[in-house]
$ cat coords.tsv   # TSV, C-alpha atoms
chain	number	residue	atom	x	y	z
A	1	GLY	CA	0.00	0.00	0.00
A	2	ILE	CA	0.91	3.65	-0.07
A	3	ASN	CA	0.72	6.51	2.37
A	4	CYS	CA	1.11	10.23	1.83
A	5	LYS	CA	2.29	13.03	4.07
A	6	GLY	CA	1.68	16.64	3.13
A	7	GLY	CA	0.47	15.53	-0.28
A	8	LYS	CA	3.68	13.64	-1.04
A	9	LEU	CA	4.29	9.90	-1.03
A	10	SER	CA	5.99	8.76	2.18
A	11	TRP	CA	5.26	5.00	2.32
A	12	PHE	CA	5.50	2.57	-0.59
A	13	ASP	CA	4.81	-1.03	0.43
A	14	LEU	CA	4.91	-3.65	-2.34
A	15	SER	CA	5.12	-6.61	0.05
A	16	ASP	CA	3.42	-9.83	-0.99
A	17	HIS	CA	2.32	-8.43	-4.35
A	18	GLY	CA	3.56	-11.35	-6.46
A	19	LEU	CA	6.35	-9.32	-8.04
A	20	VAL	CA	8.25	-11.27	-10.71
A	21	SER	CA	11.43	-9.65	-12.00
A	22	GLU	CA	15.14	-10.25	-12.57
A	23	SER	CA	15.90	-6.73	-11.39
A	24	TYR	CA	14.94	-4.90	-8.21
A	25	LEU	CA	12.88	-1.82	-9.11
A	26	PRO	CA	13.08	0.67	-12.00
A	27	LEU	CA	15.42	3.64	-11.79
A	28	GLU	CA	12.40	5.92	-11.96
A	29	MET	CA	11.74	5.03	-8.32
A	30	THR	CA	14.36	7.61	-7.39
A	31	LEU	CA	11.81	10.32	-8.25
A	32	LEU	CA	10.24	9.41	-4.89
A	33	SER	CA	13.52	9.65	-2.96
A	34	PRO	CA	13.11	13.17	-1.50
A	35	THR	CA	10.10	12.22	0.67
A	36	LEU	CA	9.93	8.42	0.86
A	37	GLU	CA	10.35	7.09	4.40
A	38	LEU	CA	9.37	3.45	3.95
A	39	LEU	CA	10.17	1.16	1.03
A	40	TRP	CA	9.23	-2.50	1.34
A	41	THR	CA	9.39	-5.16	-1.38
A	42	SER	CA	9.27	-8.10	1.01
A	43	ASP	CA	7.55	-11.48	0.64
A	44	ASN	CA	8.08	-11.55	-3.12
A	45	PRO	CA	10.08	-14.77	-3.62
A	46	LYS	CA	10.37	-14.24	-7.38
A	47	LEU	CA	11.83	-10.75	-7.10
A	48	GLY	CA	15.48	-11.09	-8.13
A	49	GLY	CA	18.45	-8.97	-9.04
A	50	ALA	CA	20.55	-6.91	-6.66
A	51	LEU	CA	20.05	-3.80	-4.59
A	52	PRO	CA	21.18	-1.03	-6.95
A	53	ALA	CA	23.66	1.68	-6.06
A	54	TRP	CA	20.93	4.29	-6.52
A	55	ILE	CA	19.25	3.02	-3.34
A	56	GLY	CA	21.54	5.49	-1.58
A	57	GLU	CA	19.55	8.38	-3.07
A	58	PHE	CA	16.77	7.63	-0.58
A	59	GLN	CA	18.27	9.78	2.13
A	60	SER	CA	14.91	10.27	3.88
A	61	LEU	CA	14.26	6.54	4.18
A	62	LEU	CA	13.59	5.24	7.67
A	63	SER	CA	12.72	1.62	6.85
A	64	LEU	CA	14.01	-0.62	4.05
A	65	GLY	CA	12.49	-4.09	3.79
A	66	ALA	CA	13.58	-6.63	1.19
A	67	TYR	CA	13.17	-9.89	3.09
A	68	ASN	CA	11.95	-13.21	1.72
A	69	THR	CA	12.96	-12.41	-1.85
A	70	SER	CA	15.46	-13.74	-4.39
A	71	LEU	CA	17.54	-10.57	-4.23
A	72	SER	CA	21.24	-11.41	-4.28
A	73	GLY	CA	24.71	-9.94	-4.60
A	74	LEU	CA	26.50	-7.45	-2.39
A	75	VAL	CA	24.98	-4.75	-0.24
A	76	PRO	CA	25.91	-1.55	-2.13
A	77	ASP	CA	28.20	0.90	-0.37
A	78	SER	CA	25.64	3.65	-0.93
A	79	LEU	CA	23.28	1.98	1.54
A	80	TYR	CA	25.68	2.86	4.35
A	81	THR	CA	25.11	6.56	3.60
A	82	MET	CA	21.38	6.33	4.45
A	83	THR	CA	21.88	7.72	7.91
A	84	LYS	CA	18.18	8.06	8.80
A	85	LEU	CA	17.54	4.31	8.52
A	86	ASN	CA	16.16	2.82	11.71
A	87	SER	CA	15.09	-0.53	10.23
A	88	LEU	CA	16.99	-2.71	7.75
A	89	ARG	CA	15.39	-6.08	7.02
A	90	LEU	CA	17.07	-8.21	4.36
A	91	TYR	CA	16.55	-11.67	5.86
A	92	LYS	CA	15.66	-14.89	4.01
A	93	SER	CA	17.13	-13.75	0.71
A	94	GLU	CA	20.34	-14.44	-1.24
A	95	PHE	CA	22.62	-11.57	-0.26
A	96	GLU	CA	26.33	-12.30	0.03
A	97	GLY	CA	29.70	-10.72	0.77
A	98	SER	CA	30.73	-8.96	3.94
A	99	ILE	CA	29.12	-6.30	6.09
A	100	SER	CA	31.12	-3.11	5.60
A	101	PRO	CA	32.62	-1.25	8.57
A	102	GLU	CA	30.73	1.72	7.09
A	103	ILE	CA	27.65	0.31	8.80
A	104	GLY	CA	28.84	2.36	11.76
A	105	ASN	CA	27.39	5.39	9.93
A	106	LEU	CA	23.81	4.19	10.52
A	107	LYS	CA	23.51	5.68	14.00
A	108	GLU	CA	19.69	5.61	14.00
A	109	LEU	CA	19.45	1.89	13.28
A	110	LYS	CA	17.24	-0.05	15.71
A	111	TRP	CA	16.59	-3.27	13.78
A	112	LEU	CA	19.19	-5.13	11.73
A	113	TRP	CA	17.63	-8.36	10.50
A	114	ILE	CA	19.89	-10.12	8.01
A	115	HIS	CA	19.54	-13.81	8.91
A	116	ASP	CA	19.32	-16.65	6.36
A	117	ASN	CA	21.52	-15.16	3.65
A	118	HIS	CA	25.09	-15.86	2.50
A	119	PHE	CA	26.99	-13.13	4.32
A	120	GLU	CA	30.57	-13.99	5.30
A	121	ASP	CA	33.80	-12.62	6.82
A	122	ILE	CA	34.10	-11.21	10.33
A	123	LEU	CA	31.37	-8.96	11.63
A	124	PRO	CA	32.78	-5.43	11.90
A	125	ASP	CA	33.36	-3.95	15.34
A	126	GLU	CA	31.63	-0.82	14.06
A	127	ILE	CA	28.24	-2.45	14.68
A	128	GLY	CA	29.05	-1.75	18.31
A	129	GLN	CA	28.77	1.97	17.55
A	130	LEU	CA	25.04	1.59	16.81
A	131	THR	CA	23.88	2.35	20.32
A	132	LYS	CA	20.19	2.55	19.38
A	133	LEU	CA	20.06	-1.07	18.23
A	134	GLU	CA	17.33	-3.18	19.79
A	135	GLY	CA	17.54	-6.30	17.62
A	136	ILE	CA	20.15	-8.08	15.45
A	137	THR	CA	19.55	-11.42	13.71
A	138	LEU	CA	22.59	-13.09	12.14
A	139	HIS	CA	21.88	-16.83	12.05
A	140	GLY	CA	21.93	-18.82	8.82
A	141	ASN	CA	24.90	-16.97	7.31
A	142	ASP	CA	28.59	-17.82	6.85
A	143	PHE	CA	30.23	-15.32	9.15
A	144	ALA	CA	33.80	-16.14	10.08
A	145	SER	CA	34.92	-16.83	13.61
A	146	ALA	CA	37.42	-14.39	15.05
A	147	VAL	CA	40.40	-15.71	17.01
A	148	SER	CA	40.95	-13.10	19.68
A	149	GLU	CA	44.35	-11.95	20.92
A	150	SER	CA	43.70	-13.50	24.33
A	151	SER	CA	42.93	-16.80	22.68
A	152	GLN	CA	46.18	-16.60	20.74
A	153	ASP	CA	48.11	-16.06	23.97
A	154	GLU	CA	46.45	-19.03	25.60
A	155	GLY	CA	47.40	-21.18	22.64
A	156	GLU	CA	51.09	-20.31	23.18
A	157	ASP	CA	53.54	-20.87	20.34
A	158	GLU	CA	51.35	-23.10	18.18
A	159	SER	CA	48.72	-20.40	17.76
A	160	LYS	CA	51.12	-17.87	16.28
A	161	ASP	CA	50.88	-19.43	12.87
A	162	PHE	CA	47.33	-20.71	13.58
A	163	LYS	CA	48.23	-24.32	12.83
A	164	ASN	CA	45.87	-25.28	15.62
A	165	ALA	CA	43.24	-22.60	14.88
A	166	SER	CA	40.45	-25.14	15.22
A	167	GLU	CA	41.40	-25.59	18.88
A	168	GLN	CA	41.28	-21.90	19.72
A	169	LEU	CA	38.47	-20.25	21.62
A	170	VAL	CA	36.39	-18.48	18.98
A	171	ASP	CA	33.40	-16.21	19.19
A	172	ILE	CA	31.40	-15.11	16.17
A	173	ILE	CA	30.33	-11.83	17.79
A	174	PRO	CA	32.89	-9.04	18.39
A	175	SER	CA	33.01	-7.78	21.96
A	176	PRO	CA	31.88	-4.22	21.01
A	177	VAL	CA	28.63	-5.76	19.74
A	178	CYS	CA	28.20	-7.79	22.94
A	179	ASP	CA	28.64	-4.58	24.90
A	180	LEU	CA	25.42	-3.25	23.35
A	181	LEU	CA	23.52	-5.63	25.62
A	182	HIS	CA	24.40	-3.30	28.48
A	183	ARG	CA	22.64	-0.52	26.59
A	184	GLY	CA	19.42	-0.93	24.59
A	185	LEU	CA	20.02	-4.17	22.68
A	186	LYS	CA	17.40	-6.78	23.57
A	187	HIS	CA	17.72	-9.40	20.81
A	188	LEU	CA	21.04	-10.80	19.52
A	189	TRP	CA	20.57	-14.02	17.56
A	190	THR	CA	23.16	-16.15	15.78
A	191	ASP	CA	24.25	-19.73	15.02
A	192	CYS	CA	25.81	-22.10	17.50
A	193	GLU	CA	26.94	-25.68	17.75
A	194	LYS	CA	25.69	-28.19	20.28
A	195	ASP	CA	27.45	-27.97	23.66
A	196	SER	CA	29.46	-25.00	22.44
A	197	LEU	CA	29.46	-22.95	25.65
A	198	VAL	CA	31.27	-23.58	28.93
A	199	PRO	CA	31.30	-21.55	32.19
A	200	ASN	CA	33.64	-18.58	32.21
A	201	LEU	CA	35.95	-19.56	35.07
A	202	LYS	CA	37.97	-16.35	34.71
A	203	LYS	CA	35.03	-14.09	35.44
A	204	LYS	CA	35.21	-12.17	38.68
A	205	PHE	CA	32.07	-11.32	40.60
A	206	ASP	CA	32.29	-7.58	39.95
A	207	GLU	CA	33.28	-7.77	36.28
A	208	LYS	CA	30.93	-7.28	33.33
A	209	GLN	CA	32.04	-10.39	31.51
A	210	PRO	CA	29.88	-13.14	30.04
A	211	ASP	CA	28.92	-16.05	32.29
A	212	PHE	CA	29.90	-18.44	29.49
A	213	VAL	CA	32.60	-18.59	26.83
A	214	VAL	CA	32.82	-20.55	23.61
A	215	LYS	CA	34.28	-24.02	24.08
A	216	ALA	CA	37.57	-24.73	22.28
A	217	GLY	CA	37.00	-25.98	18.76
A	218	LYS	CA	33.39	-24.79	18.69
A	219	ARG	CA	31.60	-21.83	17.12
A	220	ALA	CA	28.99	-19.84	18.96
A	221	CYS	CA	28.30	-16.58	20.71
A	222	SER	CA	28.97	-16.14	24.39
A	223	CYS	CA	26.61	-13.16	24.72
A	224	CYS	CA	23.72	-13.92	22.37
A	225	THR	CA	20.15	-13.89	23.64
A	226	LYS	CA	19.15	-16.70	21.28
A	227	CYS	CA	21.32	-19.38	19.70
A	228	PHE	CA	20.27	-21.39	16.64
A	229	PRO	CA	21.88	-24.86	16.62
A	230	THR	CA	23.40	-25.74	13.29
A	231	GLU	CA	25.58	-28.49	11.89
A	232	LYS	CA	29.23	-27.58	11.94
A	233	ARG	CA	30.30	-26.22	8.59
A	234	LYS	CA	33.72	-25.33	7.24
A	235	ARG	CA	34.22	-21.66	7.99
A	236	GLN	CA	37.30	-19.53	7.97
A	237	GLN	CA	38.87	-18.32	11.19
A	238	VAL	CA	40.53	-14.95	11.03
A	239	ALA	CA	42.94	-13.48	13.53
A	240	ILE	CA	42.16	-10.05	14.90
A	241	SER	CA	45.24	-7.88	14.59
$ encode --input "coords.tsv" --output "structure tokens"
Amino acid sequence: GINCKGGKLSWFDLSDHGLVSESYLPLEMTLLSPTLELLWTSDNPKLGGALPAWIGEFQSLLSLGAYNTSLSGLVPDSLYTMTKLNSLRLYKSEFEGSISPEIGNLKELKWLWIHDNHFEDILPDEIGQLTKLEGITLHGNDFASAVSESSQDEGEDESKDFKNASEQLVDIIPSPVCDLLHRGLKHLWTDCEKDSLVPNLKKKFDEKQPDFVVKAGKRACSCCTKCFPTEKRKRQQVAIS
């Protein structure tokens, strides 16, 4: 449906309209960019193509929904310039590539729902700068585990060249993102493996550290509010410099 404000189009919702296309939307859509605050094309499984670079022209957009589609490819860099966005919902589609550190520009973002795609690489620490976030869903992607510096130290000499990387303590979520749970973040969802968490024996009573840590050789999140069990898949492990 559509909605107008002051005689100008502000909401354009094409969700569940049976859209069939190999490209997202026509370039002429940018004529609506000065006033459009909501653009949803969700629940159109036969809507393909990629998010175009011109999506960044929608500088007034508050909510972008493109979930449950066949949209694929990389998230364009121009999306990270849409600083008024408070809701980004791309889940259950075919997006791939990494999440850019430029996501730290989206200071108004409250909802980042990107589960069930093909995203990969390490999640950027810059997500931790989004202090208004209330919900993040990450499960069903291919994000890399990060081997932290403390884990490298615990692994002694063998860990320096990461020959035994599979035995290191790994956590899919960077600590700056976990820290958001002490602010407004209520929902942090990602993948985990069975029996992947063990008690954090190094935690002191007065320290704000997680009660659990990821078990050696496992992948999970020590701070997530919901963990989605998944079969162990081959994923890269990247050292944090």
$ axis_aligned_box --input "coords.tsv" --around "segment 126-144 of chain A" --padding-each-side "5 Å" --output "JSON"
{"center_x": 25.6, "center_y": -8.1, "center_z": 13.6, "size_x": 26.5, "size_y": 31.4, "size_z": 23.5}
$ residues_around --input "coords.tsv" --residues "Leu181 of chain A" --least-positions-apart "5" --cutoff "9 Å" --atoms "all atoms listed in the file" --output "PyMOL selection string"
chain A and resi 134+186-188+223-224
$ residues_around --input "coords.tsv" --residues "segment 94-109 of chain A" --least-positions-apart "4" --cutoff "10 Å" --atoms "all atoms listed in the file" --output "ChimeraX atom specification"
/A:48-51,62-63,67-88,90,114-135,141-144
$ closest_residue --input "coords.tsv" --among "A:Ser33, A:Lys215, A:Ser222, A:Trp111" --to "Gly184 of chain A" --atoms "only C-alpha atoms"
A:Trp111
$ atom_distance --input "coords.tsv" --atom1 "atom CA of Arg89 of chain A" --atom2 "atom CA of Tyr24 of chain A"
15.3 Å
$ atom_distance --input "coords.tsv" --atom1 "atom CA of Asp191 of chain A" --atom2 "atom CA of Leu47 of chain A"
26.9 Å
$ atom_distance --input "coords.tsv" --atom1 "atom CA of Val20 of chain A" --atom2 "atom CA of Lys46 of chain A"
4.9 Å
$ closest_residue --input "coords.tsv" --among "A:Asp13, A:Glu22, A:Asp195, A:Asp43" --to "Lys92 of chain A" --atoms "only C-alpha atoms"
A:Asp43
$ residues_near_point --input "coords.tsv" --point "(27.8, -26.3, 23.3)" --cutoff "9 Å" --atoms "all atoms listed in the file" --output "number ranges by chain"
A: 192-198, 214-215, 218-220
